[in-house]
Amino acid sequence: MEDSLPSTSPYLTAIDLLRETAPLVQCLTNSVVMEITANVLLAAGASPAMADTPEESAEFAAVADGVLINPGTPSAEQYAGMREAIRGAVGAGTPWVMDPVAAGGLVHRTMFLRSVLDAHPAAIRGNASEIVALAGHSTGGRGVDSTEAVIEALPAAQELAIRTGGVIAVSGPRDLIVSSGRVTWLKSGDPLMQRVIGTGCSLGALTAAYLALPGLKPHDAVLAAHAHAGAAGQVAARRAQAPGSFAVAWIDALYLLTSAEIAELTTVKESA
Amino acid sequence: MEDSLPSTSPYLTAIDLLRETAPLVQCLTNSVVMEITANVLLAAGASPAMADTPEESAEFAAVADGVLINPGTPSAEQYAGMREAIRGAVGAGTPWVMDPVAAGGLVHRTMFLRSVLDAHPAAIRGNASEIVALAGHSTGGRGVDSTEAVIEALPAAQELAIRTGGVIAVSGPRDLIVSSGRVTWLKSGDPLMQRVIGTGCSLGALTAAYLALPGLKPHDAVLAAHAHAGAAGQVAARRAQAPGSFAVAWIDALYLLTSAEIAELTTVKESA
Amino acid sequence: MEDSLPSTSPYLTAIDLLRETAPLVQCLTNSVVMEITANVLLAAGASPAMADTPEESAEFAAVADGVLINPGTPSAEQYAGMREAIRGAVGAGTPWVMDPVAAGGLVHRTMFLRSVLDAHPAAIRGNASEIVALAGHSTGGRGVDSTEAVIEALPAAQELAIRTGGVIAVSGPRDLIVSSGRVTWLKSGDPLMQRVIGTGCSLGALTAAYLALPGLKPHDAVLAAHAHAGAAGQVAARRAQAPGSFAVAWIDALYLLTSAEIAELTTVKESA
């Protein structure tokens with residue numbers, strides 16, 4: 001069963017709340033995408049902070065509004081920082097998001113990701129292969145490319161949603177957002193997003209920003225983040241046909257988008 | 001008492017000298033802004049180098065023309081590299097700039113920053129909260145956002161100027177530049193600079209570049225760096241209304257600006 | 001003796017093969033250029049992966065199609081990762097490329113680079129100073145700027161080609177590509193490429209991508225990578241006169257270029 005949502009849906013108005021409250025998001029992420037991640041947060045209306053050392057991470061997570069954990073290029077010290085940040089976030093009740101980048105494809109990080117799965121991430125955002133591998137259903141893809149179709153990750157996502165109590169988002173041509181008792185499909189975005197590094201990784205950070213907003217259900221927060229990023233991709237594709245100028249236009253659109261444009265550009269279907 | 005400076009002021013002609021001499025600036029900076037920092041130096045006319053390991057930092061600082069120390073995401077190894085770079089810079093008489101990013105907000109880096117304060121930085125560039133916290137006047141802001149007005153940092157800046165013998169720059173809507181016996185206010189820049197990560201951090205590197213120029217007083221060098229970056233922001237704001245295209249236009253303007261345009265766009269007031 | 005190549009030369013058609021096969025390139029590179037390196041690979045048609053820790057590097061190099069080693073900001077852990085990646089690449093027969101960034105200028109990395117020279121890099125790409133220093137002919141340049149003319153690096157390049165069995169590429173106003181028994185000069189590119197950080201470093205990654213293509217001689221693969229990057233620079237220079245917009249246009253051109261345009265824009269001369 002599928003229904004279209006009314007345009008007054010909470011996921012649509014969240015963008016205004018994001019800009020008003022400017023949540024502070026601490027990102028422990030890979031060295032490749034740190035800059036674009038910070039720029040995405042700034043353009044969207046949030047505040048980035050990238051403190052990621054073992055000495056500072058717990059201290060910072062306690063004052064941050066949201067935390068992102070993305071072990072894309074994880075040094076031993078950054079792993080220690082990530083454990084500290086999760087400890088600080090859990091202690092302070094700060095929502096944290098896991099991006100299981102290349103889970104399944106690489107043994108060491110997969111072990112780390114599974115070891116922190118029970119620290120209650122508010123959301124997990126990955127591609128189909130990563131979500132499937134994280135749930136232990138397969139050994140996953142080759143690097144960061146998804147080799148599974150999004151629909152095939154539904155059982156894994158549902159299992160992870162029940163296990164963690166959080167929201168599981170599977171990125172793809174259509175995004176799948178799953179929490180206990182709710183399954184939402186989102187159609188948005190543009191294929192050129194795959195040709196710009198960090199569009200997915202920074203979506204993890206944006207998800208943490210939306211999860212920090214007061215009065216918004218976590219499922220709607222995750223949906224709002226994906227719709228914001230995806231709709232910005234559609235706006236960018238009107239202005240740019242190649243990845244250099246597309247990346248610039250995408251950042252611009254994250255800043256300029258209105259909730260009315262997101263409503264017009266995205267299609268959301270709930271399926272029980 | 002306030003006076004407008006004549007357009008032949010040394011801070012205005014310094015941009016030509018920068019392009020002629022292309023000083024080599026070694027940046028030990030945070031992982032988030034390394035790329036934009038290098039691009040800012042290249043666009044402005046300087047040469048970047050990012051050697052930051054303990055093994056190479058002192059060796060490099062001895063041949064560099066200026067050094068930037070910015071512990072934004074400081075690993076243990078990078079701290080060791082920073083101490084080595086400062087040692088090398090002091091030994092060779094290379095001017096070094098401290099960017100006390102998030103001083104006060106985080107204990108570990110604040111201790112580090114204070115521990116190297118007596119190694120005579122030629123300049124310290126931060127926001128009001130950071131300068132106040134570095135001087136020990138308060139516990140500072142939340143992350144990297146300034147929670148203090150620039151004017152409130154004047155006593156702390158004066159104290160640090162006397163203690164270090166260097167130039168203290170406080171970034172804000174108007175920049176405050178302080179050295180022993182001289183206080184300068186600079187009006188330049190555009191609010192969109194706050195929506196692009198690294199505009200402040202790369203200004204630290206640009207400050208080190210200007211400090212390397214022969215025949216320029218350190219106070220004028222710091223002023224020149226801030227005017228160059230700020231005026232470029234104003235030029236960029238004419239071409240771009242959102243942060244993605246603004247960032248591109250800002251880099252372009254750093255490259256294309258003339259001293260006449262800087263004179264036209266910036267306002268400088270000296271106050272005794 | 002010099003000859004122009006016919007436009008059906010293998011180096012010209014390789015761009016289509018690159019886009020069809022989308023080789024996976026593992027980059028162990030410096031923190032400054034990770035993002036642009038990944039974006040260059042994506043725009044050109046390859047797939048980037050940046051796994052660089054000691055725990056994961058050998059595992060990944062065995063599944064990657066090509067590997068880049070660029071010790072621009074080498075932590076102790078990254079050196080260990082680089083050794084592992086080379087071990088994994090050699091074991092699996094994956095071609096690897098060395099970018100000897102700042103060789104000669106800095107003792108520690110020069111020792112590392114020489115220590116892995118006998119692990120058969122498929123290609124070495126650097127500027128004249130770096131190639132000369134790597135061969136032990138001089139102590140090289142100051143930082144990453146070349147202080148030697150390209151032609152002066154010819155004997156060093158020939159010596160390295162014989163010693164490693166690989167292809168040696170010397171970047172400059174004209175690029176010099178040398179392998180055992182073959183010397184090629186390539187005229188392409190634009191001076192603005194020197195004002196954007198990472199155009200050279202990401203060319204190292206692109207070289208690894210081309211070396212992964214089936215049925216292409218390594219010498220032609222290295223030539224194709226340089227022609228692709230250089231011709232994109234020429235296209236970008238038509239659209240942009242300053243480094244911010246030039247960088248965006250360069251990425252666009254890497255994505256949009258055709259082999260016919262590369263043939264038109266580049267000049268290749270073989271000299272026995």
# chains A, B, ... in the order shown; residues from 1 in each chain; ligands from 1
>>> residues_around(residues="Glu56 in chain B", least_positions_apart="4", cutoff="7 Å", atoms="only C-alpha atoms", output="MDAnalysis selection string")
(chainID B and resid 51:52 60) or (chainID C and resid 106 108)
>>> write_last_selection(atoms="C-alpha atoms", output="PDB file, in the first residue's frame")
ATOM      1  CA  ALA B  51      54.747  19.242   5.445  1.00  0.00           C
ATOM      2  CA  ASP B  52      53.553  18.598   8.997  1.00  0.00           C
ATOM      3  CA  PHE B  60      61.016  22.557   6.338  1.00  0.00           C
TER       4      PHE B  60
ATOM      5  CA  LEU C 106      63.067  16.475   2.477  1.00  0.00           C
ATOM      6  CA  HIS C 108      62.732  11.398   5.463  1.00  0.00           C
TER       7      HIS C 108
END
>>> closest_atom_pairs(of="chain B", to="chain A", cutoff="6 Å", atoms="only C-alpha atoms", output="CSV")
residue,atom,partner,partner_atom,distance
B:Val32,CA,A:Glu35,CA,4.8
B:Thr73,CA,A:Ala51,CA,5.6
B:Arg195,CA,A:Leu42,CA,5.2
B:Val196,CA,A:Asn39,CA,5.9
B:Ile197,CA,A:Asn39,CA,5.7
B:Ala242,CA,A:Asp252,CA,4.9
B:Pro243,CA,A:Asp252,CA,5.8
B:Gly244,CA,A:Val248,CA,4.6
B:Ser245,CA,A:Val248,CA,5.8
>>> write_last_selection(atoms="N, CA, C and O atoms", output="PDB file, in the first residue's frame")
ATOM      1  N   VAL B  32      40.486  19.644   7.551  1.00  0.00           N
ATOM      2  CA  VAL B  32      39.270  20.127   6.891  1.00  0.00           C
ATOM      3  C   VAL B  32      39.602  21.158   5.822  1.00  0.00           C
ATOM      4  O   VAL B  32      38.969  21.211   4.774  1.00  0.00           O
ATOM      5  N   THR B  73      42.318  19.980  14.023  1.00  0.00           N
ATOM      6  CA  THR B  73      42.033  18.543  14.207  1.00  0.00           C
ATOM      7  C   THR B  73      43.347  17.859  14.574  1.00  0.00           C
ATOM      8  O   THR B  73      43.879  17.058  13.821  1.00  0.00           O
ATOM      9  N   ARG B 195      29.867  31.301   5.513  1.00  0.00           N
ATOM     10  CA  ARG B 195      29.173  30.094   5.028  1.00  0.00           C
ATOM     11  C   ARG B 195      30.079  29.208   4.168  1.00  0.00           C
ATOM     12  O   ARG B 195      29.618  28.273   3.531  1.00  0.00           O
ATOM     13  N   VAL B 196      31.376  29.558   4.125  1.00  0.00           N
ATOM     14  CA  VAL B 196      32.357  28.743   3.401  1.00  0.00           C
ATOM     15  C   VAL B 196      33.432  28.338   4.390  1.00  0.00           C
ATOM     16  O   VAL B 196      34.065  29.205   5.003  1.00  0.00           O
ATOM     17  N   ILE B 197      33.637  27.045   4.533  1.00  0.00           N
ATOM     18  CA  ILE B 197      34.615  26.580   5.508  1.00  0.00           C
ATOM     19  C   ILE B 197      36.020  26.991   5.056  1.00  0.00           C
ATOM     20  O   ILE B 197      36.336  26.955   3.867  1.00  0.00           O
ATOM     21  N   ALA B 242      25.219  32.636  -3.233  1.00  0.00           N
ATOM     22  CA  ALA B 242      25.135  31.408  -2.443  1.00  0.00           C
ATOM     23  C   ALA B 242      26.545  30.860  -2.266  1.00  0.00           C
ATOM     24  O   ALA B 242      27.443  31.167  -3.069  1.00  0.00           O
ATOM     25  N   PRO B 243      26.768  30.053  -1.220  1.00  0.00           N
ATOM     26  CA  PRO B 243      28.151  29.754  -0.822  1.00  0.00           C
ATOM     27  C   PRO B 243      28.981  28.929  -1.796  1.00  0.00           C
ATOM     28  O   PRO B 243      30.210  29.076  -1.801  1.00  0.00           O
ATOM     29  N   GLY B 244      28.370  28.088  -2.606  1.00  0.00           N
ATOM     30  CA  GLY B 244      29.149  27.295  -3.556  1.00  0.00           C
ATOM     31  C   GLY B 244      29.823  28.184  -4.587  1.00  0.00           C
ATOM     32  O   GLY B 244      31.046  28.145  -4.766  1.00  0.00           O
ATOM     33  N   SER B 245      29.039  28.993  -5.261  1.00  0.00           N
ATOM     34  CA  SER B 245      29.612  29.869  -6.292  1.00  0.00           C
ATOM     35  C   SER B 245      30.396  31.023  -5.654  1.00  0.00           C
ATOM     36  O   SER B 245      31.356  31.522  -6.246  1.00  0.00           O
TER      37      SER B 245
END
>>> select_by_dssp(residues="range 118-270 of chain B", states="alpha helix (DSSP H)", output="PyMOL selection string")
chain B and resi 128-134+154-164+199-211+218-239+243-256+259-265
>>> closest_residue(among="C:Gly172, C:Gly233, C:Gly66, C:Gly200", to="Pro95 in chain C", atoms="only C-alpha atoms")
C:Gly66
>>> closest_residue(among="C:Leu257, C:Ala92, C:Leu192, C:Leu160", to="Asp118 in chain C", atoms="only C-alpha atoms")
C:Leu160
>>> atom_distance(atom1="CA of Cys201 in chain B", atom2="CA of Cys201 in chain C")
22.8 Å
>>> atom_distance(atom1="CA of Thr29 in chain A", atom2="CA of Arg125 in chain A")
13.3 Å
>>> atom_distance(atom1="CA of Gly136 in chain B", atom2="CA of Glu84 in chain A")
27.1 Å
>>> residues_around(residues="Ala263 in chain B", least_positions_apart="2", cutoff="12 Å", atoms="only C-alpha atoms", output="ChimeraX atom specification")
/B:4-15,186-188,224,227-228,230-232,257-261,265-268
>>> write_last_selection(atoms="C-alpha atoms", output="PDB file, in the first residue's frame")
ATOM      1  CA  SER B   4      41.588  57.463   7.276  1.00  0.00           C
ATOM      2  CA  LEU B   5      44.791  56.226   5.715  1.00  0.00           C
ATOM      3  CA  PRO B   6      46.044  57.552   2.407  1.00  0.00           C
ATOM      4  CA  SER B   7      45.768  55.109  -0.477  1.00  0.00           C
ATOM      5  CA  THR B   8      49.527  54.853  -0.674  1.00  0.00           C
ATOM      6  CA  SER B   9      49.531  53.041   2.624  1.00  0.00           C
ATOM      7  CA  PRO B  10      52.027  50.139   2.787  1.00  0.00           C
ATOM      8  CA  TYR B  11      49.233  47.641   3.353  1.00  0.00           C
ATOM      9  CA  LEU B  12      47.841  48.425  -0.112  1.00  0.00           C
ATOM     10  CA  THR B  13      50.965  47.981  -2.180  1.00  0.00           C
ATOM     11  CA  ALA B  14      51.930  44.777  -0.411  1.00  0.00           C
ATOM     12  CA  ILE B  15      49.790  42.672  -2.769  1.00  0.00           C
ATOM     13  CA  LEU B 186      39.448  47.188   9.147  1.00  0.00           C
ATOM     14  CA  LYS B 187      36.067  47.138   7.475  1.00  0.00           C
ATOM     15  CA  SER B 188      35.923  44.661   4.612  1.00  0.00           C
ATOM     16  CA  ALA B 224      47.328  43.669   4.178  1.00  0.00           C
ATOM     17  CA  ALA B 227      42.294  43.520   3.454  1.00  0.00           C
ATOM     18  CA  HIS B 228      43.195  41.177   0.581  1.00  0.00           C
ATOM     19  CA  GLY B 230      38.110  40.781   2.823  1.00  0.00           C
ATOM     20  CA  ALA B 231      38.065  42.788  -0.400  1.00  0.00           C
ATOM     21  CA  ALA B 232      38.027  39.519  -2.347  1.00  0.00           C
ATOM     22  CA  LEU B 257      42.366  41.884  -7.177  1.00  0.00           C
ATOM     23  CA  THR B 258      44.487  44.986  -7.593  1.00  0.00           C
ATOM     24  CA  SER B 259      45.759  47.282  -4.877  1.00  0.00           C
ATOM     25  CA  ALA B 260      43.519  50.027  -6.280  1.00  0.00           C
ATOM     26  CA  GLU B 261      40.459  47.835  -5.799  1.00  0.00           C
ATOM     27  CA  LEU B 265      36.697  48.417  -1.098  1.00  0.00           C
ATOM     28  CA  THR B 266      38.233  48.529   2.352  1.00  0.00           C
ATOM     29  CA  THR B 267      38.081  51.094   5.125  1.00  0.00           C
ATOM     30  CA  VAL B 268      40.905  51.354   7.634  1.00  0.00           C
TER      31      VAL B 268
END
>>> closest_residue(among="C:Gln234, C:Gln241, C:Ser129, C:Thr164", to="Ser179 in chain C", atoms="only C-alpha atoms")
C:Thr164
